[in-house]
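One structure is given below, encoded as structure tokens.
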Amino acid sequence: MSKLSQAAMPQDQLWMQRAIALARLGQYSTKPNPNVGCVIVKEQQLLGEGFHPQAGQPHAEVFALRQAGEHARGATAYVTLEPCAHYGRTPPCAKGLVEAGIAKVVVACLDPNPLVAGKGLQILQDAGIEVIVGVAQAEAEQLNLGFLKAMATGMPYVRLKVASSLDGRTAMASGESKWITGTEARQDVQHWRAISAVVITGIDTVLADDCQLNVRQLTGVEQISSIVQPKRLILDRQGRLPLTAKILQQPDTVMVMVMGPFRQSLADLGVQQFAVQPLKDILQRLVTEHQIYDVLVEAGATLSTAFLQAQLVDEMISYVAPTLLGQTARAMLNTEFSRMAEQLRFKLMDVTQLGNDVRLRLIPLQETI
């Protein structure tokens, strides 16, 4: 059995970057499977490459090996996620690499899925293949934050999206909110919806905006039908969702949480209905019953605040427009603090200008000051 090598070379970084770029090509279509890219190289010559395009289709390694053919023997494979070790809809990729005669495998990050979790590496090592792990790991992990978290913890990766004025307001007192942010920021939201398996909102948001919360246009994607649309989960305790709501134009992708009895009219449309339960239980159920690993919360102040205060938010995406709406406008959150020690603090991940607006990506910090 070969030893697990840690001696990455500069060229390993370069080829792994190509594999990561390939993996991104499947970011809108692979749900619930992870995004994976693979590159096969010999003597610094590209022999084959591929990415996983859709659940049920071959994995990235299969496409790359097909391209490389007999030349794969003695070559190096660069894979963004540990090769699978189990039979699912497709055979295990780790065995495919062994059978092709690959001499070395460079892996960006390990797969915490219990069906894999080191077993893929073991198959490679048992075959005498040199294995390097951790090349461009942080960047590769960004491709599959939901999948990696769900496999490791049973909870999905939750992004909370908010859009506000400089003074932290999201709508006028009347509820008028179109539009605070500009076209570029609203287009950016389409990306976050497209990489999510579900968008969670509250009934008040649906009633106020008659929103659809689906993906209608994506930069660089001509055929929207090629992506996997996110489901829309509405928290509707009192059963107020009107049958004329635009969100019901695609009823098979709608789920509703209700406090009272289920509505036959919604069931007839194909809408899934569930009894209201604590937010944490909802998230766990999405993972275990629906293979939903990436969650986007687009809701009003009450539900957004509930997710934050329950410490269920992994990342907040905040769009800030250079405008002031005034003190009578509706606040972004319903938080009420009397002491500085109660404040919710965040770590700034990224700042991006989108048109005239700014997008902040923030990680909640659980500790108080």
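The chains in the structure tokens are called A, B, ... from first to last as shown; in each chain the residues are counted from 1, and the ligands are counted from 1 in the order shown.
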
Q: Fewer than 4 positions away in the same chain doesn't count, so skip those; otherwise give me all residues within 12 Å of Ala100 (chain A), counting only C-alpha atoms, as a PyMOL selection string.
A: chain A and resi 40+61-62+64-77+93-96+104+124+127+129

Grab the residues selected above and save them as a CSV table (one decimal), in the first residue's frame with N, CA and C atoms.
chain,number,residue,atom,x,y,z
A,40,ILE,N,-7.0,14.9,-16.3
A,40,ILE,CA,-6.0,13.9,-16.4
A,40,ILE,C,-4.8,14.4,-17.2
A,61,GLU,N,-14.8,12.0,-13.3
A,61,GLU,CA,-13.7,11.1,-13.6
A,61,GLU,C,-14.0,10.2,-14.9
A,62,VAL,N,-15.2,9.8,-15.0
A,62,VAL,CA,-15.6,9.0,-16.1
A,62,VAL,C,-15.4,9.7,-17.5
A,64,ALA,N,-13.4,12.3,-18.0
A,64,ALA,CA,-12.0,12.5,-18.2
A,64,ALA,C,-11.3,11.3,-18.7
A,65,LEU,N,-11.6,10.1,-18.1
A,65,LEU,CA,-11.0,8.9,-18.5
A,65,LEU,C,-11.4,8.5,-19.9
A,66,ARG,N,-12.6,8.8,-20.3
A,66,ARG,CA,-13.0,8.5,-21.7
A,66,ARG,C,-12.2,9.3,-22.7
A,67,GLN,N,-11.9,10.5,-22.4
A,67,GLN,CA,-11.1,11.4,-23.2
A,67,GLN,C,-9.7,10.9,-23.3
A,68,ALA,N,-9.2,10.5,-22.2
A,68,ALA,CA,-7.8,10.1,-22.1
A,68,ALA,C,-7.5,8.7,-22.8
A,69,GLY,N,-8.5,7.8,-22.7
A,69,GLY,CA,-8.4,6.5,-23.3
A,69,GLY,C,-7.2,5.7,-22.7
A,70,GLU,N,-6.5,5.1,-23.6
A,70,GLU,CA,-5.3,4.2,-23.2
A,70,GLU,C,-4.2,5.1,-22.6
A,71,HIS,N,-4.2,6.4,-23.0
A,71,HIS,CA,-3.1,7.3,-22.5
A,71,HIS,C,-3.1,7.5,-21.0
A,72,ALA,N,-4.3,7.2,-20.4
A,72,ALA,CA,-4.4,7.4,-18.9
A,72,ALA,C,-3.4,6.6,-18.1
A,73,ARG,N,-3.0,5.5,-18.7
A,73,ARG,CA,-2.0,4.6,-17.9
A,73,ARG,C,-0.8,5.4,-17.6
A,74,GLY,N,-0.4,5.5,-16.3
A,74,GLY,CA,0.7,6.2,-15.8
A,74,GLY,C,0.5,7.7,-15.6
A,75,ALA,N,-0.7,8.1,-15.9
A,75,ALA,CA,-1.0,9.6,-15.8
A,75,ALA,C,-1.4,10.0,-14.4
A,76,THR,N,-1.5,11.3,-14.2
A,76,THR,CA,-2.0,11.9,-12.9
A,76,THR,C,-3.4,12.4,-13.1
A,77,ALA,N,-4.3,12.1,-12.2
A,77,ALA,CA,-5.6,12.6,-12.2
A,77,ALA,C,-5.8,13.7,-11.1
A,93,CYS,N,-15.9,5.6,-8.8
A,93,CYS,CA,-14.9,6.3,-9.6
A,93,CYS,C,-13.5,5.9,-9.2
A,94,ALA,N,-13.3,5.6,-7.9
A,94,ALA,CA,-12.0,5.2,-7.4
A,94,ALA,C,-11.5,3.9,-8.1
A,95,LYS,N,-12.4,2.9,-8.3
A,95,LYS,CA,-12.1,1.7,-9.0
A,95,LYS,C,-11.8,2.0,-10.5
A,96,GLY,N,-12.5,2.9,-11.1
A,96,GLY,CA,-12.3,3.3,-12.5
A,96,GLY,C,-10.9,3.9,-12.7
A,104,LYS,N,-1.1,8.4,-10.2
A,104,LYS,CA,-1.1,9.4,-9.1
A,104,LYS,C,-2.5,10.1,-9.1
A,124,LEU,N,-7.6,3.6,-3.8
A,124,LEU,CA,-6.4,4.1,-4.6
A,124,LEU,C,-5.1,3.6,-3.9
A,127,ALA,N,-4.2,0.1,-4.2
A,127,ALA,CA,-3.7,-0.3,-5.6
A,127,ALA,C,-2.3,0.2,-5.9
A,129,ILE,N,-1.4,3.4,-5.8
A,129,ILE,CA,-1.4,4.8,-6.4
A,129,ILE,C,-1.0,5.8,-5.4

Q: Enumerate, as a ChimeraX atom specification, the complete set of residues in region 112-354 of chain A that a backbone-based DSSP assignment places in helix (DSSP H, G or I).
A: /A:119-126,137-142,145-153,183-194,203-209,224-226,246-249,251-253,264-269,279-290,301-309,340-342

With 10 Å as the cut-off and only C-alpha atoms counted, what is the closest atom pair between each nearby residue of region 271-342 of chain A and region 231-249 of chain A? Distances in Å to one decimal, ordered by chain and number, as JSON lines.
{"residue": "A:Val271", "atom": "CA", "partner": "A:Leu248", "partner_atom": "CA", "distance": 8.3}
{"residue": "A:Gln272", "atom": "CA", "partner": "A:Leu233", "partner_atom": "CA", "distance": 9.2}
{"residue": "A:Gln273", "atom": "CA", "partner": "A:Leu233", "partner_atom": "CA", "distance": 9.4}
{"residue": "A:Phe274", "atom": "CA", "partner": "A:Leu235", "partner_atom": "CA", "distance": 9.6}
{"residue": "A:Ala275", "atom": "CA", "partner": "A:Arg237", "partner_atom": "CA", "distance": 8.7}
{"residue": "A:Val276", "atom": "CA", "partner": "A:Arg237", "partner_atom": "CA", "distance": 6.9}
{"residue": "A:Gln277", "atom": "CA", "partner": "A:Leu235", "partner_atom": "CA", "distance": 9.9}
{"residue": "A:Ile292", "atom": "CA", "partner": "A:Lys231", "partner_atom": "CA", "distance": 9.2}
{"residue": "A:Val295", "atom": "CA", "partner": "A:Lys231", "partner_atom": "CA", "distance": 9.7}
{"residue": "A:Leu296", "atom": "CA", "partner": "A:Arg232", "partner_atom": "CA", "distance": 9.6}
{"residue": "A:Val297", "atom": "CA", "partner": "A:Leu233", "partner_atom": "CA", "distance": 9.4}
{"residue": "A:Ala299", "atom": "CA", "partner": "A:Ile234", "partner_atom": "CA", "distance": 9.5}
{"residue": "A:Leu303", "atom": "CA", "partner": "A:Leu235", "partner_atom": "CA", "distance": 9.0}

Q | Residue nearest Gly56 (chain A) - candidates A:Asn33, A:Ala108, A:Val320, A:Gly26, atoms counted: only C-alpha atoms | A |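 Ranking A:Asn33, A:Ala108, A:Val320, A:Gly26 by distance to Gly56 (chain A), first place goes to A:Asn33.
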
**Q.** Residue contacts of region 29-31 of chain A (6 Å, only C-alpha atoms) excluding same-chain residues fewer than 2 positions away, as a PyMOL selection string
**A.** chain A and resi 26-27+33+53-55+227-228

N, CA and C atoms of the current selection, written as a PDB file, in the first residue's frame:
ATOM      1  N   GLY A  26     -21.058  22.767 -13.604  1.00  0.00           N
ATOM      2  CA  GLY A  26     -22.238  22.029 -13.176  1.00  0.00           C
ATOM      3  C   GLY A  26     -22.946  22.631 -11.981  1.00  0.00           C
ATOM      4  N   GLN A  27     -22.570  23.854 -11.612  1.00  0.00           N
ATOM      5  CA  GLN A  27     -23.069  24.408 -10.345  1.00  0.00           C
ATOM      6  C   GLN A  27     -24.586  24.599 -10.304  1.00  0.00           C
ATOM      7  N   ASN A  33     -26.438  16.172  -6.174  1.00  0.00           N
ATOM      8  CA  ASN A  33     -25.047  15.729  -6.205  1.00  0.00           C
ATOM      9  C   ASN A  33     -24.091  16.913  -6.122  1.00  0.00           C
ATOM     10  N   PRO A  53     -22.248  16.663 -14.828  1.00  0.00           N
ATOM     11  CA  PRO A  53     -23.243  17.621 -15.299  1.00  0.00           C
ATOM     12  C   PRO A  53     -24.600  17.535 -14.615  1.00  0.00           C
ATOM     13  N   GLN A  54     -24.972  16.330 -14.160  1.00  0.00           N
ATOM     14  CA  GLN A  54     -26.328  16.161 -13.643  1.00  0.00           C
ATOM     15  C   GLN A  54     -26.436  14.841 -12.899  1.00  0.00           C
ATOM     16  N   ALA A  55     -27.266  14.810 -11.850  1.00  0.00           N
ATOM     17  CA  ALA A  55     -27.482  13.570 -11.105  1.00  0.00           C
ATOM     18  C   ALA A  55     -27.978  12.480 -12.049  1.00  0.00           C
ATOM     19  N   ILE A 227     -31.157  24.173 -15.904  1.00  0.00           N
ATOM     20  CA  ILE A 227     -30.812  24.214 -14.480  1.00  0.00           C
ATOM     21  C   ILE A 227     -31.890  23.490 -13.668  1.00  0.00           C
ATOM     22  N   VAL A 228     -31.526  23.123 -12.451  1.00  0.00           N
ATOM     23  CA  VAL A 228     -32.492  22.537 -11.514  1.00  0.00           C
ATOM     24  C   VAL A 228     -33.091  23.673 -10.701  1.00  0.00           C
TER      25      VAL A 228
END

Q. What does the distance from CA of Gln264 (chain A) to CA of Phe307 (chain A) come to in Å, to one decimal?
A.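 Taking CA of Gln264 (chain A) as the start and CA of Phe307 (chain A) as the end point, the length is 29.6 Å.
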